[in-house]
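**Q** One structure is given below, represented as structure tokens, and several questions about it will come after.
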There are 2 protein chains.
Amino acid sequence: MVASMPPETSAGRPSGETGRQRVAISGVSPEIDCGRFPIKRVVGEPVTVEADIFVDGHDLVSAVLRYRHEEDPSWSEVPLEPLGNDRWRGQFTVTRLGRYRYALRAWVDHFATWRRGLARKAEAGQDVAVDLLIGADLLEASADLATGDDAAALRAAAARLREERDPTQRVREALDPALEALVHRCPDTRFATDYDKGLSVVVDPERARFSTWYEMFPRSASPDPTRPGTLRDVEARLPYVAEMGFDILYLPPIHPIGRTKRKGRNNAPVAGPGDPGSPWAIGSSEGGHTAVHPELGTLDDLRRLVRAARELGIDVALDLAFQASPDHPYVREHPEWFRWRPDGTVQYAENPPKKYEDIYPFDFESEQWATLWEELARVVEFWIEQGVHVFRVDNPHTKPFAFWEWLIDRIKRAYPDVIFLSEAFTRPKVMYHLAKLGFSQSYTYFAWRATKQELIDYFTELTRSEVREYFRPNLWPNTPDILTEQLQHGGRPTFMARLVLAATLGASYGIYGPPFELMEHVPFAQGSEEYLDSEKYQVRHWDIDHPDSLREFIGRVNGIRRAHRALQTDRGLAFHRIDNDQIIAYSKVAPGDDDAIVTVVNLDPHYTQSGWLELPLDRFGLEPDQPFQVHDLLTDAYYLWRGAWNYVELDPRRVPAHILSLKRRRRTERDFEYFL
Amino acid sequence: MVASMPPETSAGRPSGETGRQRVAISGVSPEIDCGRFPIKRVVGEPVTVEADIFVDGHDLVSAVLRYRHEEDPSWSEVPLEPLGNDRWRGQFTVTRLGRYRYALRAWVDHFATWRRGLARKAEAGQDVAVDLLIGADLLEASADLATGDDAAALRAAAARLREERDPTQRVREALDPALEALVHRCPDTRFATDYDKGLSVVVDPERARFSTWYEMFPRSASPDPTRPGTLRDVEARLPYVAEMGFDILYLPPIHPIGRTKRKGRNNAPVAGPGDPGSPWAIGSSEGGHTAVHPELGTLDDLRRLVRAARELGIDVALDLAFQASPDHPYVREHPEWFRWRPDGTVQYAENPPKKYEDIYPFDFESEQWATLWEELARVVEFWIEQGVHVFRVDNPHTKPFAFWEWLIDRIKRAYPDVIFLSEAFTRPKVMYHLAKLGFSQSYTYFAWRATKQELIDYFTELTRSEVREYFRPNLWPNTPDILTEQLQHGGRPTFMARLVLAATLGASYGIYGPPFELMEHVPFAQGSEEYLDSEKYQVRHWDIDHPDSLREFIGRVNGIRRAHRALQTDRGLAFHRIDNDQIIAYSKVAPGDDDAIVTVVNLDPHYTQSGWLELPLDRFGLEPDQPFQVHDLLTDAYYLWRGAWNYVELDPRRVPAHILSLKRRRRTERDFEYFL
């Protein structure tokens with residue numbers, strides 16, 4: 001249903017009614033890949049739509065933005081307003097989970113056109129007798145479209161225009177804005193142009209936009225160094241996680257682990273007798289993707305954990321790692337889901353010359369792909385039934401795109417509050433495509449964006465381009481697979497700086513702990529990003545009460561995030577000038593929020609750095625040369641600043657960052673969504 | 001038919017075969033408004049298509065660009081080549097008038113993926129016995145898709161891979177590029193992803209891209225000042241037009257002119273007894289849009305003129321002004337095509353408070369719009385039957401968009417060589433939209449782009465953005481409606497400079513003569529762009545042999561255009577740095593052409609200006625610090641330049657421009673279309 005399609009041209013004869021649809025609608029934004037993919041919002045957020053709308057000749061146009069929740073039978077409408085240069089804009093707010101549709105409609109506004117002409121002619125002193133009669137005709141046509149009082153009022157107005165009275169008086173009545181409003185209540189849209197390409201918005205819960213993740217291995221959660229951790233131990237650790245201010249607790253796979261070709265400590269090709277194996281080598285005789293590893297506990301323990309976490313405002317997130325160990329029941333029960341080699345073995349995962357013999361990927365090219373898809377959806381639904389509504393998806397880029405689109409759509413139609421985080425560390429177009437297909441959040445390249453310019457470029461792309469309509473970044477300074485070179489060498493200042501960057505650049509971020517708060521930084525080998533003695537292959541015990549722990553600092557940062565709405569969205573991010581390449585500065589603002597957060601981070605872990613920071617006063621509603629107070633929420637210090645340029649200095653041995661609260665004066669509420 | 005659509009999700013069950021279509025195709029370019037509109041080319045031009053193409057996981061992809069002339073039953077294919085970052089590119093050349101379709105197809109290349117893995121494993125010294133068997137299976141599957149010798153060769157190759165021989169030898173055979181080529185001849189495209197959105201290319205004759213227009217009023221073509229000119233006088237003037245190097249001769253409307261409300265000289269509201277009226281007030285008792293004004297001659301004279309012009313390589317272009325004088329036969333015969341006012345009169349053209357009472361617009365909102373469209377198409381077809389294949393369309397922006405799309409499509413399906421020039425001086429989005437709808441060429445804002453920066457910005461937009469795919473600029477320094485302030489005050493240097501700019505910035509340009517070559521520059525009133533004693537309202541006599549005439553200069557410039565392919569396309573335009581705001585410099589190159597044209601224009605009509613011009617030597621295949629010769633085609637002077645920076649100086653009292661020919665060394669033929 002493309003706007004302003006040509007009339008049927010079979011045999012070159014004009015036909016149909018599109019010949020009288022004069023208005024063109026194009027250049028609609030947001031519109032992802034011609035409407036192929038939805039945009040994303042959370043409940044309560046506005047959707048601002050713009051389009052080029054124009055007509056031949058000089059007639060005036062009226063246009064509306066139409067929207068409806070997919071479950072609603074009928075459209076709501078809000079007017080579009082012209083911005084100049086044939087660009088129009090309108091806005092609606094999504095208030096329910098699920099999917100909304102939006103569309104545009106525009107038509108020639110003959111009454112407004114006539115009204116403008118009448119005013120001009122009257123002003124020029126031209127005879128308007130005939131014009132008044134034309135207006136009366138228009139009002140009567142309008143009355144035919146109206147009902148009840150409106151129709152009567154329109155007919156009465158028409159009759160008055162026809163009366164043999166002083167034209168000046170009649171012109172005044174004709175130009176009465178109330179009359180125009182009356183006409184606009186029942187516009188003649190017979191020849192309206194509809195732009196309805198099935199554009200849609202997926203509406204998620206707020207946590208899809210604003211979330212603070214903590215990843216931990218349950219088997220390392222034991223307070224007793226003589227035994228591995230369990231789900232009950234994780235439950236006991238919940239207050240620790242909550243005190244630090246996290247609201248999603250993500251557990252790597254909790255399923256039975258295969259024994260065949262099990263990896264040993266530090267990814268050794270052969271496991272030792274006590275080695276527990278990688279949690280991602282899922283499945284053994286004890287069960288597969290819907291089983292809980294007996295050493296971690298029971299399904300009931302998991303349900304308990306989920307409930308206990310919820311009472312602390314925490315969602316438990318599970319890992320969806322769609323692959324099997326050689327011992328997974330699927331291998332025996334569903335050989336058709338695997339690729340068999342001519343020697344009668346199953347094709348293991350490999351990226352030649354590397355081999356991952358403890359893991360069999362599913363063969364999504366199987367003739368039986370449809371039953372495989374069904375089973376994997378069943379796995380997700382199983383965990384949802386246990387109370388889990390957040391999933392971190394392992395390597396989604398190694399499974400077909402069509403599968404994810406189908407799976408996420410199926411799940412979210414039944415459970416629209418479910419959140420899927422895409423762990424695809426791969427090429428940019430693939431990452432963006434997965435987000436388009438439906439993932440609620442996505443891991444990013446943040447871990448490897450180290451310099452000021454790298455951070456500015458990347459976060460400008462993420463927050464200022466069309467990408468922001470469908471890709472919600474989730475920033476991780478570390479993961480079990482990623483101990484960056486910075487963290488290996490930068491010490492405490494780098495851990496603090498990277499945490500502040502993640503927590504203030506991203507409305508969603510996460511850390512892999514306790515290694516993060518304990519500043520674990522020794523790699524497996526020089527040049528490697530793998531942790532030495534990685535929890536992926538062995539049980540670890542962590543001294544979470546160590547006095548050097550960053551837990552309190554993390555708690556303070558996350559407290560600031562909760563208290564300041566500016567940090568709960570990525571839309572309001574803007575970078576600011578500071579004349580020092582080692583200091584990055586940026587601010588965030590949120591619609592309807594009184595304060596802005598200005599973050600300044602020293603990227604140099606070794607030396608104090610200082611510089612003059614330029615703030616765009618306009619953005620904060622500040623006057624030039626007037627003093628204003630900024631409050632450092634990390635140190636509780638107050639500073640009196642004045643004008644656009646102010647001095648900052650950061651000593652990495654103390655706190656390498658400012659997170660400044662700045663009360664701003666808002667111009668108008670309406671400006672916001674455009675301003676952001 | 002969007003690429004990588006989700007499988008059917010009715011009741012959430014996966015079905016269909018799209019589940020195994022793993023490749024995604026998106027970001028296709030060129031693609032205008034999601035494929036809603038075609039791109040444009042002329043016969044012999046390449047179409048370069050790019051797309052993002054990627055697959056889940058690490059498999060290799062093969063992709064082809066498919067194309068066919070609409071009249072061809074089957075597709076041709078050329079391979080797409082990867083450019084890095086999941087971007088792919090391919091190219092085909094259009095060789096026939098009419099419409100081509102293009103589409104993309106991509107699939108997982110299992111053989112290439114296997115081949116890459118085998119090579120890596122062999123290099124790493126891993127056992128490849130099973131891999132060779134897998135390869136044999138793949139070759140046999142490929143043989144099933146092949147026929148004849150290919151099938152036999154594939155089966156033989158498979159058998160050899162299975163032989164119990166030295167694996168090193170078998171690997172060498174498996175990696176033979178000839179074997180890969182054999183497999184690629186009959187790829188397995190069962191699960192290919194098709195991107196087929198009906199993308200199309202309208203292929204016009206070369207003159208749609210490269211044309212040199214001369215507009216003249218026939219009634220002013222008389223060599224005898226005592227009588228108005230006729231079509232026979234125009235015929236006599238053809239050698240004059242041809243000597244100046246023009247190839248399209250555009251005549252304002254040649255139809256009978258109405259008498260009711262006829263305008264007098266200088267647009268006086270009441271005509272004097274001898275006033276001939278505006279040619280755009282079409283129609284009288286002597287006929288309408290298919291009649292020739294009796295004072296100009298007969299239909300036979302027009303056909304003679306068309307034939308005589310063609311012998312000189314000139315196309316005669318007529319004006320399509322779809323409006324009627326009050327005396328037009330249509331008003332009587334088809335009152336339903338006009339808007340009647342309550343006082344029983346017909347609505348004349350107006351833009352309140354301005355009135356144009358000598359002109360009735362058609363009412364395209366009429367219930368009888370379809371018969372009106374048919375009649376107007378008949379008018380165009382009538383003139384095509386007289387031999388006219390180029391039309392300048394008057395004010396297309398005041399008629400519905402759908403009408404033009406329908407009309408141009410209808411005409412070009414029968415007569416694909418017809419050229420339509422859109423005379424829409426209106427808002428930018430409307431101008432671009434008309435071009436998208438099918439106009440072959442479009443008037444531009446060139447006349448009002450006076451400063452260096454204005455020219456750079458505008459022509460960068462026209463030649464470097466997506467606009468260039470559908471909007472072919474036609475540059476007019478003057479028209480009967482446009483005597484710019486510059487031409488009023490700048491004298492001979494400005495006429496020369498504006499001519500050079502139009503002729504070298506635009507592959508298509510035109511002048512309204514003889515006022516242009518005779519440097520007519522007196523406006524009707526101060527601040528007006530109307531000519532004094534405009535030919536629109538009266539007969540003029542021009543002394544075309546006046547010694548001051550620019551005719552020879554114009555002839556030289558147009559000769560340069562004919563001799564240098566670089567000036568016959570807008571794709572190869574690039575602006576160059578020169579440290580003087582009064583001098584603009586740019587170059588053009590054409591695919592497969594050995595010389596580049598560097599144009600340098602002094603925009604200051606009063607003073608000599610000079611500066612150092614920086615040429616990007618790379619673009620011209622020149623080495624740093626090496627001397628090279630430039631040849632000024634306007635003055636026939638030769639200069640020896642060296643390196644990137646060279647000095648230029650232009651005295652407006654002599655010639656205010658250089659048009660320099662510069663022999664360049666091309667790197668490779670293949671680079672061209674991308675380079676431009």
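Each chain in the structure tokens gets a letter, A, B, ..., in the order shown, and its residues are numbered from 1; ligands are numbered from 1 in order too.
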Near stretch 266-271 of chain B, within 8 Å and counting only C-alpha atoms, which residues show up once chain neighbours fewer than 5 positions away are dropped, as a ChimeraX atom specification?
**A** /B:261,277,524,532-534,537-538
**Q** Write out, as JSON lines, each residue of chain A that has an atom at most 6 Å from chain B, together with the closest pair of atoms and their distance in Å to one decimal, counting only C-alpha atoms, rows going by chain and rising number.
**A**
```
{"residue": "A:Pro6", "atom": "CA", "partner": "B:Ala402", "partner_atom": "CA", "distance": 5.4}
{"residue": "A:Gly12", "atom": "CA", "partner": "B:Arg410", "partner_atom": "CA", "distance": 5.7}
{"residue": "A:Pro14", "atom": "CA", "partner": "B:Ala370", "partner_atom": "CA", "distance": 5.6}
{"residue": "A:Gly19", "atom": "CA", "partner": "B:Ala402", "partner_atom": "CA", "distance": 5.9}
{"residue": "A:Arg20", "atom": "CA", "partner": "B:Glu365", "partner_atom": "CA", "distance": 5.8}
{"residue": "A:Arg22", "atom": "CA", "partner": "B:Pro400", "partner_atom": "CA", "distance": 5.6}
{"residue": "A:Cys34", "atom": "CA", "partner": "B:Cys34", "partner_atom": "CA", "distance": 5.8}
{"residue": "A:Asp56", "atom": "CA", "partner": "B:Thr398", "partner_atom": "CA", "distance": 5.0}
{"residue": "A:Gly57", "atom": "CA", "partner": "B:Thr398", "partner_atom": "CA", "distance": 4.0}
{"residue": "A:Gly117", "atom": "CA", "partner": "B:Pro352", "partner_atom": "CA", "distance": 5.4}
{"residue": "A:Arg120", "atom": "CA", "partner": "B:Pro353", "partner_atom": "CA", "distance": 5.8}
{"residue": "A:Lys121", "atom": "CA", "partner": "B:Pro353", "partner_atom": "CA", "distance": 5.1}
{"residue": "A:Pro352", "atom": "CA", "partner": "B:Gly117", "partner_atom": "CA", "distance": 5.4}
{"residue": "A:Pro353", "atom": "CA", "partner": "B:Lys121", "partner_atom": "CA", "distance": 5.1}
{"residue": "A:Glu365", "atom": "CA", "partner": "B:Arg20", "partner_atom": "CA", "distance": 5.8}
{"residue": "A:Ala370", "atom": "CA", "partner": "B:Pro14", "partner_atom": "CA", "distance": 5.6}
{"residue": "A:His397", "atom": "CA", "partner": "B:Asp56", "partner_atom": "CA", "distance": 5.1}
{"residue": "A:Thr398", "atom": "CA", "partner": "B:Gly57", "partner_atom": "CA", "distance": 4.0}
{"residue": "A:Lys399", "atom": "CA", "partner": "B:Asp56", "partner_atom": "CA", "distance": 5.8}
{"residue": "A:Pro400", "atom": "CA", "partner": "B:Asp56", "partner_atom": "CA", "distance": 5.5}
{"residue": "A:Ala402", "atom": "CA", "partner": "B:Pro6", "partner_atom": "CA", "distance": 5.4}
{"residue": "A:Arg410", "atom": "CA", "partner": "B:Gly12", "partner_atom": "CA", "distance": 5.6}
```
**Q** With N, CA and C atoms kept, could you save the residues just selected as an mmCIF file, in the first residue's frame?
**A**
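Dumped to again01.cif:
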```
data_model
loop_
_atom_site.group_PDB
_atom_site.id
_atom_site.type_symbol
_atom_site.label_atom_id
_atom_site.label_comp_id
_atom_site.auth_asym_id
_atom_site.auth_seq_id
_atom_site.Cartn_x
_atom_site.Cartn_y
_atom_site.Cartn_z
ATOM 1 N N PRO A 6 0.239 4.947 -8.963
ATOM 2 C CA PRO A 6 -0.409 5.380 -10.198
ATOM 3 C C PRO A 6 -1.737 4.656 -10.355
ATOM 4 N N GLY A 12 -3.422 1.318 -20.779
ATOM 5 C CA GLY A 12 -3.212 2.753 -20.786
ATOM 6 C C GLY A 12 -4.413 3.584 -20.399
ATOM 7 N N PRO A 14 -6.960 5.331 -17.796
ATOM 8 C CA PRO A 14 -7.050 5.690 -16.375
ATOM 9 C C PRO A 14 -8.312 5.101 -15.765
ATOM 10 N N GLY A 19 -6.831 8.573 -9.179
ATOM 11 C CA GLY A 19 -6.562 9.749 -10.003
ATOM 12 C C GLY A 19 -6.899 11.046 -9.293
ATOM 13 N N ARG A 20 -7.770 10.979 -8.307
ATOM 14 C CA ARG A 20 -8.114 12.202 -7.585
ATOM 15 C C ARG A 20 -7.411 12.297 -6.234
ATOM 16 N N ARG A 22 -4.586 13.536 -4.680
ATOM 17 C CA ARG A 22 -3.558 14.478 -5.143
ATOM 18 C C ARG A 22 -2.353 14.592 -4.232
ATOM 19 N N CYS A 34 12.085 0.158 4.753
ATOM 20 C CA CYS A 34 10.808 0.258 4.058
ATOM 21 C C CYS A 34 9.662 -0.369 4.851
ATOM 22 N N ASP A 56 0.140 18.964 -5.544
ATOM 23 C CA ASP A 56 0.335 19.838 -6.693
ATOM 24 C C ASP A 56 -0.321 21.189 -6.420
ATOM 25 N N GLY A 57 0.158 22.191 -7.121
ATOM 26 C CA GLY A 57 -0.474 23.497 -7.040
ATOM 27 C C GLY A 57 -0.284 24.170 -5.701
ATOM 28 N N GLY A 117 -7.617 32.094 0.669
ATOM 29 C CA GLY A 117 -7.849 32.945 -0.496
ATOM 30 C C GLY A 117 -8.804 34.075 -0.174
ATOM 31 N N ARG A 120 -7.040 36.776 1.788
ATOM 32 C CA ARG A 120 -6.140 37.586 0.954
ATOM 33 C C ARG A 120 -6.907 38.545 0.054
ATOM 34 N N LYS A 121 -7.977 38.017 -0.535
ATOM 35 C CA LYS A 121 -8.761 38.879 -1.426
ATOM 36 C C LYS A 121 -9.418 40.014 -0.650
ATOM 37 N N PRO A 352 37.622 -23.580 11.042
ATOM 38 C CA PRO A 352 38.923 -24.173 10.723
ATOM 39 C C PRO A 352 40.055 -23.159 10.838
ATOM 40 N N PRO A 353 41.181 -23.506 11.426
ATOM 41 C CA PRO A 353 41.480 -24.861 11.899
ATOM 42 C C PRO A 353 41.009 -25.138 13.335
ATOM 43 N N GLU A 365 19.847 -26.280 8.640
ATOM 44 C CA GLU A 365 19.503 -26.581 7.245
ATOM 45 C C GLU A 365 18.865 -27.956 7.116
ATOM 46 N N ALA A 370 11.785 -27.386 10.932
ATOM 47 C CA ALA A 370 10.565 -26.871 11.565
ATOM 48 C C ALA A 370 10.347 -27.512 12.945
ATOM 49 N N HIS A 397 24.058 -14.940 16.214
ATOM 50 C CA HIS A 397 24.490 -14.759 14.815
ATOM 51 C C HIS A 397 24.939 -16.068 14.177
ATOM 52 N N THR A 398 24.963 -17.171 14.954
ATOM 53 C CA THR A 398 25.302 -18.447 14.324
ATOM 54 C C THR A 398 24.069 -19.312 14.113
ATOM 55 N N LYS A 399 22.899 -18.725 14.279
ATOM 56 C CA LYS A 399 21.644 -19.413 13.947
ATOM 57 C C LYS A 399 20.903 -18.542 12.931
ATOM 58 N N PRO A 400 20.023 -19.148 12.138
ATOM 59 C CA PRO A 400 19.431 -18.376 11.031
ATOM 60 C C PRO A 400 18.606 -17.172 11.502
ATOM 61 N N ALA A 402 15.950 -15.966 10.176
ATOM 62 C CA ALA A 402 14.510 -16.221 10.118
ATOM 63 C C ALA A 402 14.030 -16.923 11.388
ATOM 64 N N ARG A 410 6.873 -15.095 18.103
ATOM 65 C CA ARG A 410 5.973 -16.056 18.743
ATOM 66 C C ARG A 410 5.938 -15.861 20.263
#
```
**Q** Just checking: using only C-alpha atoms, which residue out of B:Phe575, B:Ser278, B:Ala317, B:Pro228 ends up closest to B:Gly387?
**A**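 Closest candidate: B:Ala317.
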**Q** Can you pull out every residue from stretch 42-131 of chain B that DSSP, working from the backbone, puts in alpha helix (DSSP H), and format the result as a PyMOL selection string?
**A** chain B and resi 110-123+129-131
**Q** Those residues with all heavy atoms, as a short mmCIF file (atom, residue, chain, number, x, y, z; two decimals), in the first residue's frame please?
**A**
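Saved result, part37.cif, follows:
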```
data_model
loop_
_atom_site.label_atom_id
_atom_site.label_comp_id
_atom_site.auth_asym_id
_atom_site.auth_seq_id
_atom_site.Cartn_x
_atom_site.Cartn_y
_atom_site.Cartn_z
N HIS B 110 27.95 -23.57 -0.20
CA HIS B 110 28.51 -24.65 0.63
C HIS B 110 29.83 -25.17 0.09
O HIS B 110 30.71 -25.55 0.86
CB HIS B 110 27.49 -25.79 0.76
CG HIS B 110 26.33 -25.43 1.62
ND1 HIS B 110 25.07 -25.17 1.12
CD2 HIS B 110 26.24 -25.25 2.96
CE1 HIS B 110 24.25 -24.86 2.11
NE2 HIS B 110 24.94 -24.90 3.24
N PHE B 111 29.96 -25.19 -1.21
CA PHE B 111 31.21 -25.69 -1.77
C PHE B 111 32.37 -24.76 -1.42
O PHE B 111 33.43 -25.20 -0.96
CB PHE B 111 31.10 -25.89 -3.29
CG PHE B 111 32.35 -26.48 -3.87
CD1 PHE B 111 32.60 -27.86 -3.77
CD2 PHE B 111 33.32 -25.68 -4.47
CE1 PHE B 111 33.77 -28.40 -4.28
CE2 PHE B 111 34.49 -26.22 -4.97
CZ PHE B 111 34.72 -27.59 -4.88
N ALA B 112 32.14 -23.45 -1.61
CA ALA B 112 33.22 -22.49 -1.31
C ALA B 112 33.56 -22.53 0.18
O ALA B 112 34.73 -22.40 0.56
CB ALA B 112 32.79 -21.08 -1.73
N THR B 113 32.53 -22.69 1.01
CA THR B 113 32.77 -22.76 2.46
C THR B 113 33.61 -23.99 2.80
O THR B 113 34.58 -23.93 3.56
CB THR B 113 31.42 -22.83 3.20
OG1 THR B 113 30.61 -21.72 2.81
CG2 THR B 113 31.62 -22.82 4.71
N TRP B 114 33.23 -25.10 2.20
CA TRP B 114 33.97 -26.33 2.43
C TRP B 114 35.41 -26.21 1.93
O TRP B 114 36.36 -26.62 2.60
CB TRP B 114 33.25 -27.48 1.71
CG TRP B 114 34.08 -28.73 1.64
CD1 TRP B 114 34.21 -29.69 2.60
CD2 TRP B 114 34.90 -29.14 0.53
NE1 TRP B 114 35.05 -30.66 2.18
CE2 TRP B 114 35.50 -30.36 0.92
CE3 TRP B 114 35.19 -28.61 -0.72
CZ2 TRP B 114 36.37 -31.06 0.08
CZ3 TRP B 114 36.04 -29.28 -1.55
CH2 TRP B 114 36.64 -30.51 -1.15
N ARG B 115 35.56 -25.59 0.78
CA ARG B 115 36.87 -25.43 0.16
C ARG B 115 37.79 -24.60 1.04
O ARG B 115 38.95 -24.93 1.25
CB ARG B 115 36.64 -24.76 -1.21
CG ARG B 115 37.84 -24.65 -2.09
CD ARG B 115 37.40 -24.04 -3.42
NE ARG B 115 38.50 -23.97 -4.35
CZ ARG B 115 39.35 -22.94 -4.45
NH1 ARG B 115 39.20 -21.91 -3.65
NH2 ARG B 115 40.32 -22.96 -5.33
N ARG B 116 37.23 -23.51 1.58
CA ARG B 116 38.02 -22.66 2.47
C ARG B 116 38.46 -23.45 3.71
O ARG B 116 39.62 -23.39 4.14
CB ARG B 116 37.21 -21.44 2.89
CG ARG B 116 37.93 -20.52 3.85
CD ARG B 116 37.02 -19.42 4.40
NE ARG B 116 35.87 -19.99 5.10
CZ ARG B 116 34.90 -19.28 5.66
NH1 ARG B 116 34.92 -17.97 5.55
NH2 ARG B 116 33.90 -19.87 6.28
N GLY B 117 37.51 -24.22 4.30
CA GLY B 117 37.84 -24.99 5.49
C GLY B 117 38.90 -26.04 5.20
O GLY B 117 39.83 -26.24 5.99
N LEU B 118 38.77 -26.69 4.04
CA LEU B 118 39.74 -27.73 3.67
C LEU B 118 41.15 -27.13 3.56
O LEU B 118 42.12 -27.69 4.08
CB LEU B 118 39.33 -28.35 2.33
CG LEU B 118 40.27 -29.44 1.81
CD1 LEU B 118 40.12 -30.71 2.65
CD2 LEU B 118 40.02 -29.72 0.33
N ALA B 119 41.20 -25.97 2.92
CA ALA B 119 42.51 -25.33 2.74
C ALA B 119 43.12 -25.00 4.09
O ALA B 119 44.31 -25.24 4.33
CB ALA B 119 42.35 -24.06 1.89
N ARG B 120 42.33 -24.47 4.98
CA ARG B 120 42.85 -24.09 6.30
C ARG B 120 43.30 -25.32 7.09
O ARG B 120 44.34 -25.31 7.74
CB ARG B 120 41.79 -23.35 7.10
CG ARG B 120 41.54 -21.95 6.58
CD ARG B 120 40.56 -21.23 7.49
NE ARG B 120 40.19 -19.95 6.94
CZ ARG B 120 39.18 -19.23 7.40
NH1 ARG B 120 38.43 -19.69 8.39
NH2 ARG B 120 38.92 -18.06 6.86
N LYS B 121 42.49 -26.37 7.04
CA LYS B 121 42.85 -27.58 7.79
C LYS B 121 44.12 -28.21 7.21
O LYS B 121 44.99 -28.65 7.96
CB LYS B 121 41.71 -28.60 7.73
CG LYS B 121 40.55 -28.25 8.64
CD LYS B 121 39.51 -29.35 8.57
CE LYS B 121 38.36 -29.10 9.50
NZ LYS B 121 37.35 -30.17 9.41
N ALA B 122 44.18 -28.25 5.89
CA ALA B 122 45.35 -28.85 5.26
C ALA B 122 46.59 -28.07 5.65
O ALA B 122 47.62 -28.62 6.00
CB ALA B 122 45.16 -28.88 3.74
N GLU B 123 46.45 -26.75 5.64
CA GLU B 123 47.58 -25.90 6.00
C GLU B 123 48.01 -26.14 7.44
O GLU B 123 49.20 -26.11 7.76
CB GLU B 123 47.20 -24.44 5.80
CG GLU B 123 48.39 -23.51 5.73
CD GLU B 123 47.96 -22.12 5.26
OE1 GLU B 123 46.86 -22.04 4.63
OE2 GLU B 123 48.68 -21.15 5.53
N ALA B 129 40.70 -36.51 5.93
CA ALA B 129 40.08 -37.66 5.27
C ALA B 129 38.56 -37.51 5.17
O ALA B 129 37.97 -37.69 4.09
CB ALA B 129 40.46 -38.94 6.02
N VAL B 130 37.95 -37.16 6.31
CA VAL B 130 36.48 -37.02 6.29
C VAL B 130 36.07 -35.84 5.43
O VAL B 130 35.06 -35.88 4.71
CB VAL B 130 35.95 -36.89 7.73
CG1 VAL B 130 34.43 -36.68 7.70
CG2 VAL B 130 36.29 -38.13 8.54
N ASP B 131 36.86 -34.78 5.50
CA ASP B 131 36.53 -33.59 4.70
C ASP B 131 36.51 -33.90 3.21
O ASP B 131 35.66 -33.39 2.47
CB ASP B 131 37.53 -32.47 5.01
CG ASP B 131 37.48 -32.07 6.47
OD1 ASP B 131 36.66 -31.21 6.80
OD2 ASP B 131 38.22 -32.67 7.27
#
```
**Q** Let's see if you can do this: from backbone DSSP, list all strand (DSSP E) residues in stretch 542-599 of chain B, as a count of residues only.
**A** 17
**Q** Env of B:Arg101: 9 Å cut, atoms = only C-alpha atoms, seq-sep filter 6 positions within chain, self excluded. Answer as a PyMOL selection string.
**A** chain B and resi 38+66-70+75+198-202
**Q** Would you save the residues from that selection as an mmCIF file, in the first residue's frame, using C-alpha atoms?
**A**
```cif
data_model
loop_
_atom_site.group_PDB
_atom_site.id
_atom_site.type_symbol
_atom_site.label_atom_id
_atom_site.label_comp_id
_atom_site.auth_asym_id
_atom_site.auth_seq_id
_atom_site.Cartn_x
_atom_site.Cartn_y
_atom_site.Cartn_z
ATOM 1 C CA PRO B 38 12.520 3.719 -11.282
ATOM 2 C CA ARG B 66 19.828 -10.142 -12.089
ATOM 3 C CA TYR B 67 18.411 -7.921 -14.816
ATOM 4 C CA ARG B 68 16.205 -8.063 -17.819
ATOM 5 C CA HIS B 69 14.559 -5.728 -20.269
ATOM 6 C CA GLU B 70 10.854 -5.743 -19.517
ATOM 7 C CA TRP B 75 16.849 -12.763 -16.449
ATOM 8 C CA GLY B 198 10.298 -4.527 -8.815
ATOM 9 C CA LEU B 199 13.300 -2.222 -8.983
ATOM 10 C CA SER B 200 13.492 -0.772 -12.453
ATOM 11 C CA VAL B 201 15.478 1.465 -14.758
ATOM 12 C CA VAL B 202 13.920 3.665 -17.400
#
```
**Q** Any idea what's packed within 9 Å of stretch 305-310 of chain B, counting only C-alpha atoms, ignoring anything in its chain fewer than 6 positions away? Could you give it as a PyMOL selection string?
**A** chain B and resi 231-232+234-235+238-239+242+247-249+316+386-388
**Q** Just the residues within 9 Å of stretch 296-300 of chain A, please, counting only C-alpha atoms, with nothing from its chain fewer than 2 positions along; format it as JSON, numbers by chain.
**A** {"A": [218, 219, 228, 229, 230, 231, 232, 254, 255, 291, 292, 293, 294, 302, 303, 304, 305, 386]}
